[in-house]
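> Got a structure for you, query35.cif, holding mmCIF, C-alpha atoms.
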```cif
data_run
#
loop_
_atom_site.label_atom_id
_atom_site.label_comp_id
_atom_site.auth_asym_id
_atom_site.auth_seq_id
_atom_site.Cartn_x
_atom_site.Cartn_y
_atom_site.Cartn_z
CA MET A 134 -17.86 -124.07 83.61
CA ALA A 135 -19.38 -122.20 86.57
CA GLU A 136 -18.84 -123.69 89.98
CA ASN A 137 -21.91 -124.79 91.96
CA LYS A 138 -22.60 -122.15 94.63
CA THR A 139 -24.80 -124.40 96.75
CA LYS A 140 -22.37 -126.61 98.64
CA ALA A 141 -22.47 -128.36 101.98
CA ASN A 142 -20.85 -126.26 104.68
CA ASP A 143 -20.26 -126.15 108.43
CA ALA A 144 -22.87 -123.48 109.24
CA SER A 145 -25.19 -124.36 112.09
CA VAL A 146 -28.58 -125.71 111.03
CA GLU A 147 -29.99 -124.85 114.46
CA GLU A 148 -28.78 -121.23 114.28
CA PHE A 149 -30.16 -120.88 110.75
CA LEU A 150 -33.58 -122.21 111.76
CA ASN A 151 -33.70 -120.20 114.98
CA ALA A 152 -33.29 -117.08 112.82
CA VAL A 153 -36.46 -117.83 110.81
CA PRO A 154 -38.65 -114.84 111.73
CA ASP A 155 -42.06 -116.52 111.45
CA GLU A 156 -42.68 -118.61 114.59
CA LYS A 157 -44.91 -121.18 112.86
CA LYS A 158 -42.50 -121.60 109.94
CA ARG A 159 -39.64 -121.98 112.41
CA ALA A 160 -41.53 -124.72 114.30
CA ASP A 161 -42.45 -126.44 111.01
CA SER A 162 -38.78 -126.30 109.98
CA PHE A 163 -37.64 -128.03 113.14
CA ARG A 164 -40.36 -130.65 112.61
CA LEU A 165 -39.10 -131.20 109.04
CA VAL A 166 -35.60 -131.74 110.41
CA GLN A 167 -36.99 -134.43 112.71
CA ILE A 168 -39.00 -136.09 109.92
CA MET A 169 -36.18 -136.03 107.37
CA ARG A 170 -33.59 -137.19 109.89
CA GLU A 171 -35.78 -140.13 110.93
CA GLU A 172 -36.65 -141.14 107.37
CA THR A 173 -33.16 -140.80 105.88
CA GLY A 174 -30.94 -141.77 108.81
CA GLU A 175 -28.84 -138.72 107.87
CA GLU A 176 -27.96 -135.66 109.92
CA PRO A 177 -28.97 -132.19 108.67
CA VAL A 178 -26.29 -130.08 106.98
CA MET A 179 -26.48 -126.56 105.61
CA TRP A 180 -26.13 -126.31 101.83
CA GLY A 181 -25.40 -122.77 100.77
CA ASP A 182 -26.95 -120.22 103.07
CA SER A 183 -30.59 -121.33 103.03
CA ILE A 184 -31.02 -125.08 102.36
CA VAL A 185 -31.06 -127.75 105.04
CA GLY A 186 -30.00 -130.97 103.36
CA PHE A 187 -29.81 -134.63 104.31
CA GLY A 188 -27.31 -136.96 102.67
CA SER A 189 -25.83 -136.18 99.27
CA TYR A 190 -25.46 -137.52 95.77
CA HIS A 191 -23.24 -136.73 92.82
CA TYR A 192 -24.83 -135.65 89.54
CA LYS A 193 -23.46 -135.23 86.04
CA TYR A 194 -25.50 -133.67 83.25
CA ALA A 195 -25.10 -134.39 79.54
CA SER A 196 -23.67 -130.86 79.25
CA GLY A 197 -20.71 -131.98 81.36
CA ARG A 198 -21.75 -129.97 84.42
CA GLU A 199 -21.45 -132.01 87.57
CA GLY A 200 -21.51 -131.56 91.30
CA ASP A 201 -22.99 -132.68 94.57
CA ALA A 202 -26.44 -131.95 95.96
CA PRO A 203 -28.44 -132.96 99.01
CA LEU A 204 -30.34 -136.23 98.68
CA ILE A 205 -33.35 -134.39 100.08
CA GLY A 206 -33.78 -131.10 101.88
CA PHE A 207 -35.85 -128.03 102.46
CA SER A 208 -35.68 -124.29 102.77
CA PRO A 209 -37.98 -122.09 104.85
CA ARG A 210 -38.77 -119.40 102.28
CA LYS A 211 -40.77 -116.27 103.00
CA ALA A 212 -43.91 -117.46 101.22
CA ASN A 213 -43.69 -121.19 101.95
CA LEU A 214 -41.56 -124.18 102.81
CA ALA A 215 -39.70 -125.43 99.74
CA LEU A 216 -39.07 -129.18 100.01
CA TYR A 217 -36.44 -130.64 97.71
CA ILE A 218 -37.66 -134.21 97.67
CA THR A 219 -37.78 -135.39 94.06
CA SER A 220 -37.60 -134.03 90.54
CA ASP A 221 -40.26 -136.42 89.25
CA PHE A 222 -43.50 -135.89 91.14
CA ASP A 223 -45.46 -137.76 88.44
CA ARG A 224 -43.81 -141.00 89.52
CA TYR A 225 -45.48 -140.66 92.94
CA GLY A 226 -49.03 -140.01 91.75
CA ALA A 227 -50.86 -142.01 94.44
CA LEU A 228 -48.84 -140.41 97.23
CA MET A 229 -49.28 -136.94 95.78
CA ASP A 230 -53.04 -137.51 95.62
CA ARG A 231 -53.08 -138.24 99.37
CA LEU A 232 -50.59 -135.59 100.45
CA GLY A 233 -52.89 -132.61 100.97
CA LYS A 234 -52.51 -128.96 100.03
CA PHE A 235 -49.33 -128.15 98.07
CA THR A 236 -47.95 -126.87 94.79
CA THR A 237 -44.95 -128.06 92.83
CA GLY A 238 -42.22 -126.48 90.78
CA LYS A 239 -39.65 -128.21 88.62
CA ALA A 240 -37.93 -129.87 91.56
CA CYS A 241 -39.71 -128.45 94.61
CA LEU A 242 -42.75 -129.26 96.65
CA TYR A 243 -44.15 -126.08 98.19
CA VAL A 244 -46.29 -126.11 101.32
CA LYS A 245 -47.48 -123.11 103.33
CA ARG A 246 -47.45 -125.06 106.59
CA LEU A 247 -46.95 -128.67 107.58
CA SER A 248 -50.51 -128.87 108.89
CA ASP A 249 -51.64 -128.58 105.24
CA VAL A 250 -50.20 -132.02 104.42
CA ASP A 251 -50.61 -135.52 105.79
CA GLU A 252 -47.44 -136.32 107.73
CA ALA A 253 -47.59 -140.08 107.15
CA THR A 254 -47.85 -139.49 103.41
CA LEU A 255 -45.02 -136.95 103.50
CA ARG A 256 -42.85 -139.47 105.33
CA GLU A 257 -43.60 -142.11 102.69
CA LEU A 258 -42.80 -139.65 99.91
CA VAL A 259 -39.48 -138.83 101.59
CA ARG A 260 -38.67 -142.55 102.03
CA GLN A 261 -39.55 -143.44 98.44
CA SER A 262 -37.63 -140.48 97.04
CA VAL A 263 -34.52 -141.39 99.03
CA VAL A 264 -34.68 -145.04 97.91
CA ASP A 265 -35.06 -143.95 94.29
CA MET A 266 -32.30 -141.33 94.49
CA ARG A 267 -29.88 -143.78 96.08
CA ALA A 268 -30.68 -146.38 93.41
CA THR A 269 -30.08 -143.99 90.51
CA SER A 270 -27.08 -142.00 91.75
#
```
Could you express the structure from this file as structure tokens?

Amino acid sequence: MAENKTKANDASVEEFLNAVPDEKKRADSFRLVQIMREETGEEPVMWGDSIVGFGSYHYKYASGREGDAPLIGFSPRKANLALYITSDFDRYGALMDRLGKFTTGKACLYVKRLSDVDEATLRELVRQSVVDMRATS
């Protein structure tokens, strides 16, 4: 079975974020670090070469594949900020309704800029996701 390429490592989160070319995205990324650190009580760690993660959990799929992943995290992508908060956005319907301007993928919340979302709602979504992830992993 293939080994998971996205692993926690010792790369510097600060150096990674300082290299983000877009000034606004860089500032939003540092703000996300502050928000996620405060809401999880965890320190940021690089996962792979482009994900800033907080905490970790162990997963095991029915296929037998298993590994570790960040409890929550984000990546400053070229087009948007990809937030890895939950894989079940439907469970947070009321929060999602209040969040603001975003799109979702299978396990990502995409925002162009943090000013597009309500920070208090984002914080609650992070808190709830962490509680749920910790309870199920």
> Show me a table, sorted first by chain and then by increasing residue number, of the residues of segment 187-267 of chain A having an atom at most 9 Å from segment 154-164 of chain A, each with its shortest atom pair and the distance in Å to one decimal, counting all atoms listed in the file and written as a tab-separated table.

```
residue	atom	partner	partner_atom	distance
A:Phe207	CA	A:Ser162	CA	8.3
A:Ser208	CA	A:Ser162	CA	8.1
A:Pro209	CA	A:Ser162	CA	6.7
A:Arg210	CA	A:Lys158	CA	8.8
A:Lys211	CA	A:Asp155	CA	8.6
A:Asn213	CA	A:Lys158	CA	8.1
A:Leu214	CA	A:Lys158	CA	7.6
A:Lys245	CA	A:Lys158	CA	8.4
A:Arg246	CA	A:Asp161	CA	6.8
A:Leu247	CA	A:Asp161	CA	6.1
A:Ser248	CA	A:Asp161	CA	8.7
```
> Which of these residues is nearest to Phe235 of chain A, using all atoms listed in the file: A:Phe149, A:Phe222, A:Asn142, A:Val250?
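Nearest candidate to Phe235 of chain A out of A:Phe149, A:Phe222, A:Asn142, A:Val250: A:Val250.
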> Quick one: of A:Met266, A:Leu242, A:Leu216, A:Ile205, who's nearest to Glu172 of chain A, counting only C-alpha atoms?
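Of A:Met266, A:Leu242, A:Leu216, A:Ile205, the one nearest Glu172 of chain A is A:Ile205, counting only C-alpha atoms.
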> Using only C-alpha atoms and a cutoff of 12 Å, can you tell me which residues are near (-28.3, -120.3, 98.3) in the file's coordinates, and write them out as a list in words?
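Residues with an atom at most 12 Å from (-28.3, -120.3, 98.3): Asn137, Lys138, Thr139, Lys140, Ala141, Asn142, Met179, Trp180, Gly181, Asp182, Ser183, Ile184, Val185, Gly186, Phe207, Ser208, Pro209 and Arg210 of chain A.
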> Got a sec: who's within 8 Å of Leu228 of chain A, counting all atoms listed in the file, leaving out chain neighbours fewer than 5 positions off, as a PDB file with C-alpha atoms, in the frame of the given file?

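part_34.pdb, freshly written:
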```pdb
ATOM      1  CA  THR A 254     -47.850-139.490 103.410  1.00  0.00           C
ATOM      2  CA  GLU A 257     -43.600-142.110 102.690  1.00  0.00           C
ATOM      3  CA  LEU A 258     -42.800-139.650  99.910  1.00  0.00           C
TER       4      LEU A 258
END
```
> For the provided coordinates, the residues matched by the PyMOL selection byres ((chain A and resi 265) around 12) should be stated as a PDB file with C-alpha atoms, keeping the file's coordinate frame.

```pdb
ATOM      1  CA  TYR A 190     -25.460-137.520  95.770  1.00  0.00           C
ATOM      2  CA  LEU A 204     -30.340-136.230  98.680  1.00  0.00           C
ATOM      3  CA  ILE A 205     -33.350-134.390 100.080  1.00  0.00           C
ATOM      4  CA  ILE A 218     -37.660-134.210  97.670  1.00  0.00           C
ATOM      5  CA  THR A 219     -37.780-135.390  94.060  1.00  0.00           C
ATOM      6  CA  SER A 220     -37.600-134.030  90.540  1.00  0.00           C
ATOM      7  CA  ASP A 221     -40.260-136.420  89.250  1.00  0.00           C
ATOM      8  CA  ARG A 224     -43.810-141.000  89.520  1.00  0.00           C
ATOM      9  CA  TYR A 225     -45.480-140.660  92.940  1.00  0.00           C
ATOM     10  CA  LEU A 258     -42.800-139.650  99.910  1.00  0.00           C
ATOM     11  CA  VAL A 259     -39.480-138.830 101.590  1.00  0.00           C
ATOM     12  CA  ARG A 260     -38.670-142.550 102.030  1.00  0.00           C
ATOM     13  CA  GLN A 261     -39.550-143.440  98.440  1.00  0.00           C
ATOM     14  CA  SER A 262     -37.630-140.480  97.040  1.00  0.00           C
ATOM     15  CA  VAL A 263     -34.520-141.390  99.030  1.00  0.00           C
ATOM     16  CA  VAL A 264     -34.680-145.040  97.910  1.00  0.00           C
ATOM     17  CA  MET A 266     -32.300-141.330  94.490  1.00  0.00           C
ATOM     18  CA  ARG A 267     -29.880-143.780  96.080  1.00  0.00           C
ATOM     19  CA  ALA A 268     -30.680-146.380  93.410  1.00  0.00           C
ATOM     20  CA  THR A 269     -30.080-143.990  90.510  1.00  0.00           C
ATOM     21  CA  SER A 270     -27.080-142.000  91.750  1.00  0.00           C
TER      22      SER A 270
END
```
> One number please: atom CA of Gly174 of chain A to atom CA of Asp143 of chain A, in Å, one decimal.
18.9 Å
> Counting only C-alpha atoms, which residue out of A:Met229, A:Val178, A:Ala215, A:Ala240 sits closest to Glu147 of chain A?
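That would be A:Val178, the residue with the smallest distance to Glu147 of chain A.
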> Atom CA of Ser145 of chain A to atom CA of Arg256 of chain A: how many Å, to one decimal?
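Separating atom CA of Ser145 of chain A from atom CA of Arg256 of chain A is a distance of 24.2 Å.
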> Using only C-alpha atoms for the distances, tell me which of A:Gly206, A:Gly226, A:Gly238, A:Gly233 is nearest to Gln167 of chain A.
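Result for the nearest residue to Gln167 of chain A: A:Gly206.
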> Quick check, in Å to one decimal: how far apart do atom CA of Leu255 of chain A and atom CA of Ala144 of chain A lie?
26.6 Å
